[in-house]
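This is model_11.csv. It holds CSV, C-alpha atoms.
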```
chain,number,residue,atom,x,y,z
V,238,MET,CA,171.0,-142.2,115.1
V,239,LYS,CA,174.1,-143.0,113.1
V,240,LYS,CA,173.0,-145.0,110.1
V,241,MET,CA,174.1,-148.6,110.5
V,242,LYS,CA,172.9,-151.9,109.0
V,243,LEU,CA,172.1,-154.2,111.9
V,244,ALA,CA,172.3,-158.0,112.1
V,245,PHE,CA,170.5,-159.9,114.9
V,246,LEU,CA,171.8,-163.4,115.6
V,247,GLY,CA,169.0,-164.9,117.5
V,248,VAL,CA,165.4,-163.5,117.4
V,249,GLY,CA,163.9,-164.4,120.8
V,250,ASN,CA,161.9,-162.2,123.1
V,251,MET,CA,164.7,-159.8,123.9
V,252,ALA,CA,165.6,-159.3,120.3
V,253,SER,CA,161.9,-158.8,119.5
V,254,ALA,CA,161.7,-156.1,122.1
V,255,ILE,CA,164.8,-154.3,120.7
V,256,LEU,CA,163.3,-154.6,117.2
V,257,THR,CA,160.1,-152.9,118.4
V,258,GLY,CA,162.1,-150.0,119.8
V,259,LEU,CA,164.0,-149.7,116.5
V,260,GLN,CA,160.8,-149.2,114.5
V,261,SER,CA,160.8,-145.5,115.3
V,262,ILE,CA,164.5,-144.9,114.6
V,263,THR,CA,165.7,-147.0,111.7
V,264,ASP,CA,164.5,-148.6,108.5
V,265,ASP,CA,163.4,-152.2,108.5
V,266,ARG,CA,165.4,-152.8,105.3
V,267,ASP,CA,168.6,-152.1,107.2
V,268,ILE,CA,168.0,-155.0,109.6
V,269,TYR,CA,169.1,-158.6,109.0
V,270,LEU,CA,167.7,-161.4,111.0
V,271,TYR,CA,169.1,-164.9,111.6
V,272,ASP,CA,167.8,-167.6,113.8
V,273,PRO,CA,168.2,-171.4,113.4
V,274,LEU,CA,164.5,-171.8,114.1
V,275,PRO,CA,162.5,-170.6,111.1
V,276,ALA,CA,159.4,-169.9,113.2
V,277,ALA,CA,161.4,-167.2,115.1
V,278,THR,CA,161.9,-165.1,112.0
V,279,ALA,CA,158.6,-166.1,110.4
V,280,ARG,CA,156.6,-164.0,112.9
V,281,PHE,CA,158.1,-160.9,111.4
V,282,ALA,CA,156.7,-161.6,107.9
V,283,GLU,CA,154.7,-158.4,107.8
V,284,ARG,CA,157.9,-156.3,108.3
V,285,GLN,CA,160.6,-155.6,105.7
V,286,TYR,CA,163.5,-157.1,107.6
V,287,GLN,CA,166.0,-159.1,105.6
V,288,ILE,CA,165.9,-162.8,106.6
V,289,ALA,CA,169.4,-164.2,106.3
V,290,PRO,CA,170.0,-167.9,105.5
V,291,SER,CA,172.9,-168.2,108.0
V,292,ALA,CA,174.7,-166.3,110.7
V,293,ALA,CA,177.6,-165.5,108.4
V,294,ALA,CA,175.3,-164.1,105.8
V,295,ALA,CA,173.6,-161.8,108.3
V,296,VAL,CA,177.0,-160.6,109.6
V,297,GLU,CA,178.5,-160.0,106.2
V,298,ALA,CA,175.6,-157.7,105.3
V,299,ALA,CA,175.7,-155.6,108.4
V,300,ASP,CA,177.9,-153.0,110.1
V,301,CYS,CA,176.8,-153.9,113.6
V,302,VAL,CA,176.1,-157.4,114.8
V,303,ILE,CA,173.8,-158.0,117.8
V,304,PHE,CA,174.4,-161.3,119.6
V,305,ALA,CA,170.9,-162.0,121.0
V,306,VAL,CA,171.5,-165.6,122.0
V,307,LYS,CA,171.7,-167.4,125.3
V,308,PRO,CA,175.2,-167.3,127.0
V,309,GLN,CA,175.6,-171.1,126.5
V,310,THR,CA,175.1,-170.7,122.8
V,311,VAL,CA,177.8,-168.0,122.3
V,312,PRO,CA,180.9,-170.3,122.1
V,313,ALA,CA,179.5,-172.4,119.2
V,314,LEU,CA,178.4,-169.3,117.4
V,315,LEU,CA,181.8,-167.6,117.8
V,316,GLU,CA,183.5,-170.7,116.5
V,317,GLU,CA,181.2,-170.8,113.5
V,318,LEU,CA,181.9,-167.1,112.7
V,319,GLN,CA,185.6,-167.4,113.4
V,320,GLN,CA,185.9,-170.0,110.6
V,321,THR,CA,184.1,-167.7,108.1
V,322,GLY,CA,186.2,-164.6,108.6
V,323,VAL,CA,183.2,-162.3,108.0
V,324,CYS,CA,183.4,-160.2,111.2
V,325,GLY,CA,186.3,-157.9,110.2
V,326,GLY,CA,185.3,-154.2,110.4
V,327,LYS,CA,182.1,-155.0,112.3
V,328,THR,CA,180.9,-153.6,115.6
V,329,ILE,CA,179.8,-156.4,118.0
V,330,VAL,CA,177.0,-155.9,120.5
V,331,SER,CA,176.2,-158.6,123.0
V,332,ILE,CA,173.2,-159.1,125.3
V,333,ALA,CA,174.5,-162.5,126.6
V,334,ALA,CA,174.6,-162.5,130.4
V,335,GLY,CA,178.0,-163.0,131.9
V,336,VAL,CA,179.9,-163.2,128.6
V,337,PRO,CA,182.9,-160.8,128.7
V,338,ILE,CA,184.1,-158.7,125.9
V,339,ALA,CA,187.4,-160.7,125.8
V,340,ALA,CA,185.4,-163.8,124.7
V,341,PHE,CA,184.5,-162.0,121.5
V,342,THR,CA,187.9,-160.5,120.8
V,343,ARG,CA,189.7,-163.8,121.5
V,344,ALA,CA,187.5,-165.5,118.9
V,345,LEU,CA,187.0,-162.8,116.3
V,346,GLY,CA,190.0,-160.5,116.6
V,347,GLU,CA,190.4,-157.0,117.9
V,348,LEU,CA,187.0,-155.6,117.1
V,349,PRO,CA,184.9,-152.9,118.7
V,350,VAL,CA,182.6,-154.6,121.2
V,351,VAL,CA,179.7,-153.3,123.3
V,352,ARG,CA,178.5,-155.5,126.1
V,353,THR,CA,175.0,-154.9,127.3
V,354,MET,CA,172.7,-156.3,129.9
V,355,PRO,CA,169.0,-155.5,129.3
V,356,ASN,CA,166.0,-156.7,131.3
V,357,THR,CA,162.5,-158.0,130.5
V,358,PRO,CA,160.5,-154.8,131.1
V,359,MET,CA,162.0,-153.7,127.7
V,360,LEU,CA,159.2,-155.8,126.3
V,361,ILE,CA,156.8,-153.0,127.1
V,362,GLY,CA,159.3,-150.1,126.5
V,363,GLU,CA,160.2,-149.8,130.2
V,364,GLY,CA,163.6,-151.6,130.1
V,365,MET,CA,166.8,-150.8,131.9
V,366,THR,CA,170.0,-151.7,130.0
V,367,ALA,CA,173.5,-151.5,131.3
V,368,LEU,CA,176.3,-151.0,128.7
V,369,CYS,CA,180.1,-151.0,128.6
V,370,ARG,CA,182.5,-150.9,125.7
V,371,ASN,CA,186.1,-151.7,124.8
V,372,PRO,CA,188.4,-148.9,123.7
V,373,LEU,CA,187.9,-149.7,120.0
V,374,VAL,CA,184.3,-148.4,120.1
V,375,ASP,CA,184.3,-144.8,119.0
V,376,ASP,CA,182.0,-142.3,120.7
V,377,ASP,CA,179.6,-141.9,117.7
V,378,THR,CA,179.1,-145.7,117.4
V,379,PHE,CA,178.6,-146.1,121.2
V,380,ALA,CA,176.0,-143.3,121.1
V,381,ALA,CA,174.2,-145.1,118.3
V,382,VAL,CA,174.2,-148.4,120.2
V,383,ARG,CA,173.0,-146.7,123.3
V,384,GLN,CA,170.2,-145.1,121.4
V,385,ILE,CA,169.0,-148.5,120.3
V,386,PHE,CA,168.5,-149.5,123.9
V,387,ASP,CA,167.2,-146.1,125.0
V,388,ALA,CA,164.4,-146.8,122.5
V,389,THR,CA,163.3,-149.6,124.8
V,390,GLY,CA,163.5,-147.8,128.1
V,391,SER,CA,166.6,-146.4,129.9
V,392,THR,CA,170.3,-147.0,129.9
V,393,ILE,CA,173.2,-146.8,132.3
V,394,VAL,CA,176.9,-146.9,131.4
V,395,LEU,CA,179.3,-149.0,133.6
V,396,ASP,CA,182.8,-150.3,133.6
V,397,GLU,CA,183.0,-153.9,132.5
V,398,ALA,CA,184.2,-155.0,136.0
V,399,ASP,CA,180.6,-154.1,137.2
V,400,MET,CA,178.6,-155.8,134.5
V,401,ASN,CA,178.1,-159.2,136.2
V,402,LYS,CA,177.1,-157.4,139.4
V,403,ILE,CA,174.4,-155.3,137.7
V,404,ILE,CA,172.7,-158.4,136.5
V,405,SER,CA,171.5,-159.1,140.0
V,406,VAL,CA,170.4,-155.5,140.4
V,407,THR,CA,168.5,-154.8,137.1
V,408,SER,CA,168.3,-157.9,134.9
V,409,SER,CA,167.4,-160.7,137.3
V,410,SER,CA,165.6,-158.5,139.8
V,411,PRO,CA,162.3,-158.4,137.9
V,412,ALA,CA,161.9,-162.1,138.9
V,413,TYR,CA,162.3,-161.2,142.6
V,414,ILE,CA,159.7,-158.4,142.1
V,415,PHE,CA,157.4,-160.8,140.3
V,416,LEU,CA,157.7,-163.2,143.2
V,417,MET,CA,156.9,-160.4,145.7
V,418,ILE,CA,153.8,-159.4,143.6
V,419,ASP,CA,152.7,-163.1,143.4
V,420,SER,CA,153.2,-163.6,147.1
V,421,ILE,CA,151.2,-160.5,148.1
V,422,TRP,CA,148.5,-161.4,145.6
V,423,LYS,CA,148.2,-165.0,146.8
V,424,SER,CA,148.1,-163.9,150.5
V,425,GLY,CA,145.3,-161.6,149.7
V,426,LEU,CA,143.4,-164.4,148.1
V,427,ALA,CA,144.2,-166.7,151.0
V,428,GLN,CA,142.7,-164.1,153.4
V,429,GLY,CA,139.4,-164.2,151.4
V,430,LEU,CA,139.7,-161.1,149.3
V,431,PRO,CA,137.8,-161.3,146.0
V,432,GLU,CA,140.0,-162.2,143.0
V,433,ASP,CA,138.5,-159.6,140.7
V,434,GLY,CA,140.9,-156.7,140.4
V,435,LEU,CA,143.2,-157.8,143.2
V,436,LEU,CA,146.3,-158.5,141.1
V,437,GLU,CA,145.8,-155.1,139.3
V,438,ALA,CA,145.6,-153.5,142.8
V,439,VAL,CA,148.9,-155.1,143.9
V,440,CYS,CA,150.6,-154.1,140.6
V,441,SER,CA,149.4,-150.5,141.0
V,442,THR,CA,150.8,-150.4,144.5
V,443,VAL,CA,154.2,-151.7,143.4
V,444,ILE,CA,154.3,-149.2,140.5
V,445,GLY,CA,153.2,-146.3,142.8
V,446,SER,CA,155.8,-147.3,145.4
V,447,ALA,CA,158.6,-147.3,142.9
V,448,ARG,CA,157.5,-143.9,141.5
V,449,LEU,CA,157.4,-142.5,145.0
V,450,VAL,CA,161.1,-143.4,145.4
V,451,LYS,CA,162.0,-141.9,142.1
V,452,GLU,CA,160.0,-138.7,142.3
V,453,THR,CA,160.3,-137.6,145.9
V,454,GLY,CA,164.0,-138.0,146.2
V,455,LYS,CA,163.5,-139.7,149.6
V,456,SER,CA,165.5,-142.9,150.4
V,457,PRO,CA,163.7,-146.2,150.7
V,458,GLU,CA,164.5,-146.2,154.4
V,459,GLU,CA,162.8,-142.7,154.8
V,460,LEU,CA,159.7,-143.9,152.9
V,461,ILE,CA,159.6,-147.1,155.1
V,462,ALA,CA,159.5,-144.9,158.2
V,463,MET,CA,156.7,-142.9,156.7
V,464,VAL,CA,154.5,-146.0,156.3
V,465,CYS,CA,155.6,-147.6,159.6
V,466,SER,CA,153.7,-145.9,162.4
V,467,LYS,CA,154.6,-147.1,165.9
V,468,LYS,CA,152.8,-150.2,167.0
V,469,GLY,CA,150.8,-150.1,163.7
V,470,THR,CA,150.0,-152.8,161.1
V,471,THR,CA,153.0,-152.2,158.9
V,472,GLU,CA,155.4,-152.4,161.8
V,473,GLN,CA,154.1,-155.9,162.5
V,474,ALA,CA,154.6,-156.9,158.9
V,475,MET,CA,158.1,-155.5,158.8
V,476,LEU,CA,159.1,-157.2,162.1
V,477,LYS,CA,158.0,-160.5,160.6
V,478,LEU,CA,160.1,-159.9,157.5
V,479,ALA,CA,163.1,-159.0,159.7
V,480,GLU,CA,162.6,-162.2,161.7
V,481,HIS,CA,162.9,-164.2,158.5
V,482,ARG,CA,166.0,-162.2,157.4
V,483,PHE,CA,164.3,-160.7,154.4
V,484,PRO,CA,167.1,-158.2,153.5
V,485,GLU,CA,169.8,-160.8,154.1
V,486,VAL,CA,168.0,-163.4,151.9
V,487,ILE,CA,167.7,-160.9,149.1
V,488,HIS,CA,171.4,-160.1,149.4
V,489,GLU,CA,172.3,-163.7,149.3
V,490,ALA,CA,170.1,-164.3,146.3
V,491,MET,CA,171.8,-161.4,144.5
V,492,LEU,CA,175.3,-162.8,145.3
V,493,ALA,CA,174.2,-166.2,143.9
V,494,CYS,CA,173.1,-164.4,140.7
V,495,THR,CA,176.4,-162.6,140.4
V,496,ASN,CA,178.4,-165.8,141.1
V,497,ARG,CA,176.5,-167.6,138.3
V,498,ALA,CA,177.2,-164.7,135.9
V,499,ASP,CA,180.9,-165.1,136.7
V,500,GLU,CA,180.7,-168.8,135.9
V,501,LEU,CA,178.9,-168.2,132.6
V,502,GLY,CA,181.7,-165.8,131.7
V,503,ARG,CA,184.4,-168.5,131.9
V,504,ILE,CA,184.1,-169.5,128.3
```

Represent the structure of the file as structure tokens.
Amino acid sequence: MKKMKLAFLGVGNMASAILTGLQSITDDRDIYLYDPLPAATARFAERQYQIAPSAAAAVEAADCVIFAVKPQTVPALLEELQQTGVCGGKTIVSIAAGVPIAAFTRALGELPVVRTMPNTPMLIGEGMTALCRNPLVDDDTFAAVRQIFDATGSTIVLDEADMNKIISVTSSSPAYIFLMIDSIWKSGLAQGLPEDGLLEAVCSTVIGSARLVKETGKSPEELIAMVCSKKGTTEQAMLKLAEHRFPEVIHEAMLACTNRADELGRI
């Protein structure tokens, strides 16, 4: 990848996942970490990362600054950096849900900004990250930023107008899937199945089902039809889900997610 010194502002779980991916493509000594909680950076003591005493110090040392903080924390951090004037000439990368590119350029000036939306499966190298950029990000820099997230899974490039919508599809949706896994597992237990190996069986079924969609080229509707034989067991389950408006409820949940992302973006 294009050689860049990277500053991470915030070193929580998502930043840790990105750092794990970076181990194979960049030098630890080119990475600067800042987090107001010393314990967050202390867990990387065995690595050769540079631990910065302040956000401004991390930014000043880097070419590319990764905002890996919660959306609610972004305004205060931007105000702090605005006062220091250290952001000139830097590329900004944000993983803060709902926060638009304009929030960064209003506070820090006309800088190249890449907005991203990763998801939690990146913790095991199976993430999906959506990216968009403003016109000031050149192709080489954007390719380098995309490579950072490709190292934790897969990426998709979108227009910024679609970034809040993708949150409900790829970034919040693991929680819906976890809920489905939990519900199937607990129903099995309630029906008297032995606990040993049951959760693993449910997870294998979910993984296999997703791979079947990806690898056969068949639509989800076609695959549902393959499983639903007339007057069979699956048909009865699907009728009950339809009775309780399962597809509509998922859609309503996703719209609520997108609406909240829009609210978070009004900073």

Hey, what's within 12 Å of Thr366 (chain V) if we count all atoms listed in the file and toss same-chain stuff fewer than 6 positions away? As a PyMOL selection string, please? chain V and resi 251+255+331-332+334+351-359+382-395+400+403-404+406-409

Exercise for review: Do a neighbour search on region 422-429 of chain V at 8 Å with only C-alpha atoms, toss out local chain neighbours closer than 5 positions, and write the hits as number ranges by chain.
Suggested key: V: 435-436, 439

Could you write out the selected residues, including C-alpha atoms, as a PDB file, keeping the file's coordinate frame?
```pdb
ATOM      1  CA  LEU V 435     143.200-157.800 143.200  1.00  0.00           C
ATOM      2  CA  LEU V 436     146.300-158.500 141.100  1.00  0.00           C
ATOM      3  CA  VAL V 439     148.900-155.100 143.900  1.00  0.00           C
TER       4      VAL V 439
END
```

From CA of Gln320 (chain V) to CA of Asp272 (chain V) the spacing works out at 18.5 Å

Notebook entry, point to check: With distances taken over all atoms listed in the file, which of V:Val443, V:Ile303, V:Glu480, V:Leu246 is nearest to Pro290 (chain V)?
Noted result: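 Closest candidate: V:Leu246.
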
Of V:Leu345, V:Ile329, V:Ser446, V:Cys465, the one sitting nearest Pro312 (chain V) when using only C-alpha atoms is V:Leu345

Exercise for the section: Within 9 Å of Thr257 (chain V), counting all atoms listed in the file, which residues show up once you throw out same-chain ones fewer than 2 positions away? Write them as JSON, numbers by chain, please. Expected result: {"V": [252, 253, 254, 255, 259, 260, 261, 360, 362, 388, 389]}

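Straight-line separation from CA of Asp267 (chain V) to CA of Gln285 (chain V): 8.9 Å.
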
Atom pair CA of Asp375 (chain V) + CA of Val296 (chain V), distance 19.8 Å
